[in-house]
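Structure data follow from my_file-v4.txt (compact mmCIF, C-alpha atoms):
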# COMPACT_ATOMS: atom_id res chain seq x y z
CA GLN A 30 -78.37 -66.66 13.09
CA LEU A 31 -79.83 -63.41 14.33
CA SER A 32 -76.39 -61.79 14.52
CA GLU A 33 -75.87 -62.45 10.80
CA MET A 34 -79.26 -60.98 9.97
CA GLY A 35 -78.46 -57.94 12.10
CA SER A 36 -75.33 -57.28 10.06
CA ASP A 37 -77.33 -56.90 6.84
CA ARG A 38 -77.21 -53.23 5.84
CA TYR A 39 -80.98 -53.02 5.24
CA VAL A 40 -81.77 -54.57 8.60
CA ARG A 41 -79.21 -52.30 10.29
CA SER A 42 -80.72 -49.24 8.62
CA ALA A 43 -84.26 -50.18 9.65
CA LYS A 44 -83.13 -50.95 13.21
CA GLN A 45 -81.39 -47.58 13.51
CA ALA A 46 -84.46 -45.77 12.21
CA LEU A 47 -87.10 -47.68 14.17
CA LEU A 48 -85.54 -49.42 17.16
CA LYS A 49 -83.26 -46.90 18.81
CA ASN A 50 -83.47 -48.28 22.37
CA VAL A 51 -84.83 -51.77 21.78
CA LYS A 52 -82.90 -54.97 21.14
CA ILE A 53 -83.89 -56.61 17.87
CA ALA A 54 -84.53 -59.96 19.59
CA GLU A 55 -86.96 -58.28 22.00
CA TRP A 56 -88.73 -56.51 19.12
CA ILE A 57 -89.07 -59.77 17.18
CA ASP A 58 -90.58 -61.55 20.19
CA ARG A 59 -93.06 -58.76 20.91
CA ARG A 60 -94.04 -57.62 17.41
CA ILE A 61 -93.64 -60.54 15.00
CA GLY A 62 -93.24 -63.50 17.34
CA GLY A 63 -96.24 -65.19 15.69
CA GLU A 64 -94.36 -65.27 12.40
CA VAL A 65 -90.74 -65.57 13.48
CA GLU A 66 -89.23 -67.74 16.19
CA LEU A 67 -85.96 -67.17 18.01
CA ARG A 68 -84.15 -70.08 19.63
CA PRO A 69 -81.03 -69.77 21.77
CA ALA A 70 -77.94 -71.21 20.10
CA ALA A 71 -75.01 -72.79 21.91
CA ASN A 72 -72.77 -69.81 21.15
CA GLY A 73 -74.96 -67.37 23.09
CA GLN A 74 -76.60 -66.04 19.93
CA HIS A 75 -80.07 -66.81 18.57
CA ASP A 76 -81.13 -68.88 15.58
CA ILE A 77 -84.06 -67.36 13.70
CA TRP A 78 -86.83 -69.35 11.98
CA LEU A 79 -89.99 -68.58 10.05
CA ARG A 80 -92.83 -70.34 11.85
CA SER A 81 -94.53 -70.97 8.48
CA ASP A 82 -91.63 -73.26 7.61
CA GLY A 83 -92.61 -75.55 10.45
CA PRO A 84 -90.40 -76.48 13.37
CA PRO A 85 -86.65 -76.36 12.81
CA PRO A 86 -85.22 -79.63 11.53
CA ALA A 87 -84.01 -82.00 14.20
CA ASN A 88 -80.45 -81.58 12.97
CA SER A 89 -80.61 -77.78 13.35
CA LYS A 90 -78.78 -77.88 16.65
CA PRO A 91 -75.46 -76.07 16.57
CA GLN A 92 -72.90 -78.31 14.97
CA LYS A 93 -69.96 -79.46 17.00
CA GLN A 94 -66.69 -77.79 16.31
CA ALA A 95 -64.66 -79.56 13.66
CA THR A 96 -61.56 -81.28 14.92
CA PRO A 97 -58.15 -80.32 13.60
CA GLU A 98 -58.00 -83.78 12.01
CA GLU A 99 -61.26 -83.18 10.11
CA LYS A 100 -59.99 -79.84 8.87
CA GLU A 101 -56.66 -81.33 7.85
CA LYS A 102 -58.44 -84.12 5.97
CA PHE A 103 -60.36 -81.49 3.98
CA PHE A 104 -57.19 -79.57 3.10
CA ASP A 105 -55.42 -82.83 2.20
CA SER A 106 -58.16 -83.47 -0.37
CA LEU A 107 -57.19 -80.32 -2.29
CA PRO A 108 -54.43 -80.13 -4.91
CA THR A 109 -51.05 -79.36 -3.36
CA ASP A 110 -49.44 -77.45 -6.23
CA SER A 111 -52.42 -75.65 -7.76
CA PHE A 112 -56.03 -74.75 -7.16
CA SER A 113 -59.01 -76.86 -8.07
CA PRO A 114 -61.30 -75.20 -10.66
CA GLY A 115 -63.79 -74.36 -7.89
CA GLU A 116 -61.04 -72.84 -5.74
CA GLU A 117 -59.90 -70.72 -8.66
CA ARG A 118 -63.46 -69.40 -9.14
CA LEU A 119 -63.79 -68.67 -5.41
CA ARG A 120 -60.42 -66.91 -5.37
CA GLU A 121 -61.43 -64.76 -8.36
CA ALA A 122 -64.81 -63.93 -6.78
CA LEU A 123 -63.14 -62.80 -3.55
CA LEU A 124 -60.52 -60.71 -5.36
CA THR A 125 -63.19 -59.11 -7.55
CA TYR A 126 -65.24 -58.28 -4.44
CA LEU A 127 -62.20 -56.59 -2.89
CA GLU A 128 -61.46 -54.65 -6.09
CA ARG A 129 -65.00 -53.25 -6.16
CA LEU A 130 -64.97 -52.18 -2.52
CA PRO A 131 -64.45 -48.43 -1.89
CA SER A 132 -60.86 -47.70 -0.87
CA ASN A 133 -61.92 -46.84 2.69
CA GLY A 134 -64.36 -49.75 3.00
CA VAL A 135 -63.95 -52.84 5.13
CA ALA A 136 -64.78 -56.20 3.57
CA TRP A 137 -66.54 -58.52 6.02
CA ILE A 138 -66.80 -62.22 5.30
CA HIS A 139 -70.42 -62.39 6.47
CA GLU A 140 -71.37 -59.58 4.06
CA ALA A 141 -69.37 -61.04 1.19
CA MET A 142 -71.33 -64.27 1.61
CA ASN A 143 -74.45 -62.32 0.53
CA GLN A 144 -72.90 -61.98 -2.91
CA ASP A 145 -74.18 -64.71 -5.21
CA ALA A 146 -70.83 -65.27 -6.93
CA ILE A 147 -69.07 -65.80 -3.61
CA SER A 148 -71.71 -67.92 -1.87
CA ARG A 149 -72.18 -70.12 -4.95
CA THR A 150 -68.47 -70.73 -5.50
CA LYS A 151 -67.89 -71.26 -1.79
CA ARG A 152 -70.51 -74.04 -1.80
CA ASP A 153 -68.69 -75.64 -4.74
CA VAL A 154 -65.45 -75.76 -2.74
CA MET A 155 -66.83 -76.18 0.77
CA PRO A 156 -70.21 -77.91 0.66
CA ARG A 157 -72.65 -77.90 3.56
CA ASN A 158 -71.17 -79.51 6.68
CA CYS A 159 -67.63 -78.80 5.51
CA PRO A 160 -65.38 -78.65 8.58
CA VAL A 161 -63.54 -75.58 7.27
CA LYS A 162 -64.74 -71.97 7.43
CA LEU A 163 -64.19 -69.58 4.53
CA SER A 164 -61.69 -67.57 6.59
CA GLU A 165 -59.68 -70.76 7.25
CA TRP A 166 -59.69 -71.60 3.55
CA ILE A 167 -58.48 -68.08 2.74
CA ASP A 168 -55.69 -68.35 5.32
CA ARG A 169 -54.49 -71.74 4.12
CA ARG A 170 -55.03 -71.51 0.38
CA ILE A 171 -54.77 -67.86 -0.71
CA GLY A 172 -53.28 -66.20 2.35
CA GLY A 173 -50.40 -64.85 0.26
CA GLU A 174 -52.94 -62.65 -1.52
CA ILE A 175 -55.72 -62.08 1.00
CA GLU A 176 -55.39 -61.58 4.74
CA THR A 177 -58.10 -62.15 7.35
CA ARG A 178 -58.49 -60.47 10.71
CA ALA A 179 -60.96 -61.15 13.51
CA VAL A 180 -62.53 -57.88 14.63
CA GLU A 181 -65.27 -57.11 17.15
CA GLY A 182 -65.52 -60.65 18.44
CA ALA A 183 -66.61 -63.03 15.73
CA LYS A 184 -66.66 -60.64 12.76
CA ILE A 185 -63.90 -61.36 10.27
CA ALA A 186 -62.57 -58.76 7.87
CA PHE A 187 -60.55 -59.63 4.80
CA PHE A 188 -58.34 -57.49 2.60
CA PRO A 189 -55.40 -57.66 0.20
CA ARG A 190 -52.31 -58.97 1.99
CA ASP A 191 -50.47 -56.22 3.91
CA GLN A 192 -53.08 -53.61 2.93
CA PRO A 193 -55.50 -53.37 5.85
CA PRO A 194 -58.15 -50.67 5.51
CA ALA A 195 -57.52 -47.59 7.63
CA ALA A 196 -60.54 -48.51 9.77
CA LEU A 197 -58.68 -51.66 10.90
CA SER A 198 -55.20 -50.22 11.33
CA GLY A 199 -55.61 -49.84 15.09
CA GLU A 200 -57.25 -53.25 15.65
CA GLY A 201 -55.37 -56.00 17.40
CA GLY A 202 -55.27 -59.62 16.45
CA GLY A 203 -53.33 -61.16 13.68
CA GLY A 204 -54.61 -62.35 10.41
CA GLY A 205 -54.50 -65.77 8.95
CA GLY A 206 -51.86 -68.25 9.83
CA GLY A 207 -49.14 -70.31 8.25
CA GLY A 208 -49.25 -72.15 4.96
CA LYS A 209 -49.94 -68.99 3.01
CA ARG A 210 -49.07 -68.97 -0.61
CA ARG A 211 -49.53 -67.01 -3.74
CA ARG A 212 -51.10 -68.32 -6.87
CA THR A 213 -48.67 -70.01 -9.19
CA ASN A 214 -49.24 -70.34 -12.91
Final structure tokens representation of the file:
Amino acid sequence: QLSEMGSDRYVRSAKQALLKNVKIAEWIDRRIGGEVELRPAANGQHDIWLRSDGPPPANSKPQKQATPEEKEKFFDSLPTDSFSPGEERLREALLTYLERLPSNGVAWIHEAMNQDAISRTKRDVMPRNCPVKLSEWIDRRIGGEIETRAVEGAKIAFFPRDQPPAALSGEGGGGGGGGKRRRTN
């Protein structure tokens, strides 16, 4: 989606330098609309496509929200007293990402997904069309170690449990829900 692209630090930097008073969607339509297509998505955002890739696939419509039953079925498929090997790799990738973040930095899930180790291990645990979002998996499976918090609408920050970055200390909204647990060896 366009909002995800706009959160990329390189895109943000270029937008700040070049597009001070212009919305990025408007700039795309006017300047590179022959190469890039924007389509409204059901959530009020825009999906972005390269025209050279042909028309978007027929199944590219926004997916319906997963039902609680579908999500529960996914979680029921996971080990109850340990992590699967893929979950362990994903957990380690997320913890390593947090360890490398500057002490005053905020870790955003959408930015973390740009890291190969995280996106690859996430796909191993939650393949395409999985009904569960990464933030939901964090809350349910490793919430004793990592906390999530919705900030600025749909952006989700994550951080070591009970250690929110100073930039988030005044934000409202609670982090992940019940079922949190710590790793057991």
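Coordinates place atom CA of A:Trp137 at a distance of 14.1 Å from atom CA of A:Glu165.
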Once 6 Å is added on each side, what centre and edge lengths in Å to one decimal does the axis-aligned box around all listed atoms of stretch 146-151 of chain A have, as JSON?
{"center_x": -70.0, "center_y": -68.3, "center_z": -4.4, "size_x": 16.3, "size_y": 18.0, "size_z": 17.1}
**Asked** How many Å separate atom CA of A:Glu98 from atom CA of A:Phe112?
**Response** 21.3 Å
Would you kindly return, as an mmCIF file with C-alpha atoms, keeping the file's coordinate frame, each protein, DNA or RNA residue with an atom no farther than 7 Å from any atom of stretch 153-156 of chain A, considering only C-alpha atoms and excluding same-chain residues fewer than 4 positions away?
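And here's around.cif as it stands now:
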data_model
loop_
_atom_site.group_PDB
_atom_site.id
_atom_site.type_symbol
_atom_site.label_atom_id
_atom_site.label_comp_id
_atom_site.auth_asym_id
_atom_site.auth_seq_id
_atom_site.Cartn_x
_atom_site.Cartn_y
_atom_site.Cartn_z
ATOM 1 C CA GLY A 115 -63.790 -74.360 -7.890
ATOM 2 C CA GLU A 116 -61.040 -72.840 -5.740
ATOM 3 C CA ARG A 149 -72.180 -70.120 -4.950
#
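Straight-line separation from atom CA of A:Gly134 to atom CA of A:Ser198: 12.4 Å.
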**Request:** Go ahead and find all residues with at least one atom no further than 12 Å from (-70.8, -70.7, 0.0) in the file's coordinates, using only C-alpha atoms; report them as an NGL selection string.
**Result:** :A and (115-116 or 118-119 or 122-123 or 138-159 or 161-164 or 166)
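For the set A:Asp58, A:Asp105, A:Asp37, A:Glu99, the residue with the smallest atom-to-atom gap to A:Pro160 is A:Glu99, counting all atoms listed in the file.
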Using all atoms listed in the file, find each residue of stretch 42-148 of chain A with at least one atom at most 8 Å away from an atom of stretch 194-197 of chain A; report its shortest atom-to-atom pair and that distance in Å (one decimal), sort the rows by chain and rising residue number, and return the result as CSV.
residue,atom,partner,partner_atom,distance
A:Ser132,CA,A:Pro194,CA,7.5
A:Asn133,CA,A:Pro194,CA,6.1
A:Gly134,CA,A:Pro194,CA,6.8
A:Val135,CA,A:Pro194,CA,6.2
Generate a file of the selected residues that holds C-alpha atoms, formatted as a JSON list (two decimals), in the coordinates of the input.
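Output below, filename part20.json:
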[["chain", "number", "residue", "atom", "x", "y", "z"],
["A", 132, "SER", "CA", -60.86, -47.70, -0.87],
["A", 133, "ASN", "CA", -61.92, -46.84, 2.69],
["A", 134, "GLY", "CA", -64.36, -49.75, 3.00],
["A", 135, "VAL", "CA", -63.95, -52.84, 5.13]]
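Shortest separation to A:Thr109 among A:Leu48, A:Ile53, A:Arg169, A:Pro131 occurs at residue A:Arg169, atoms counted being all atoms listed in the file.
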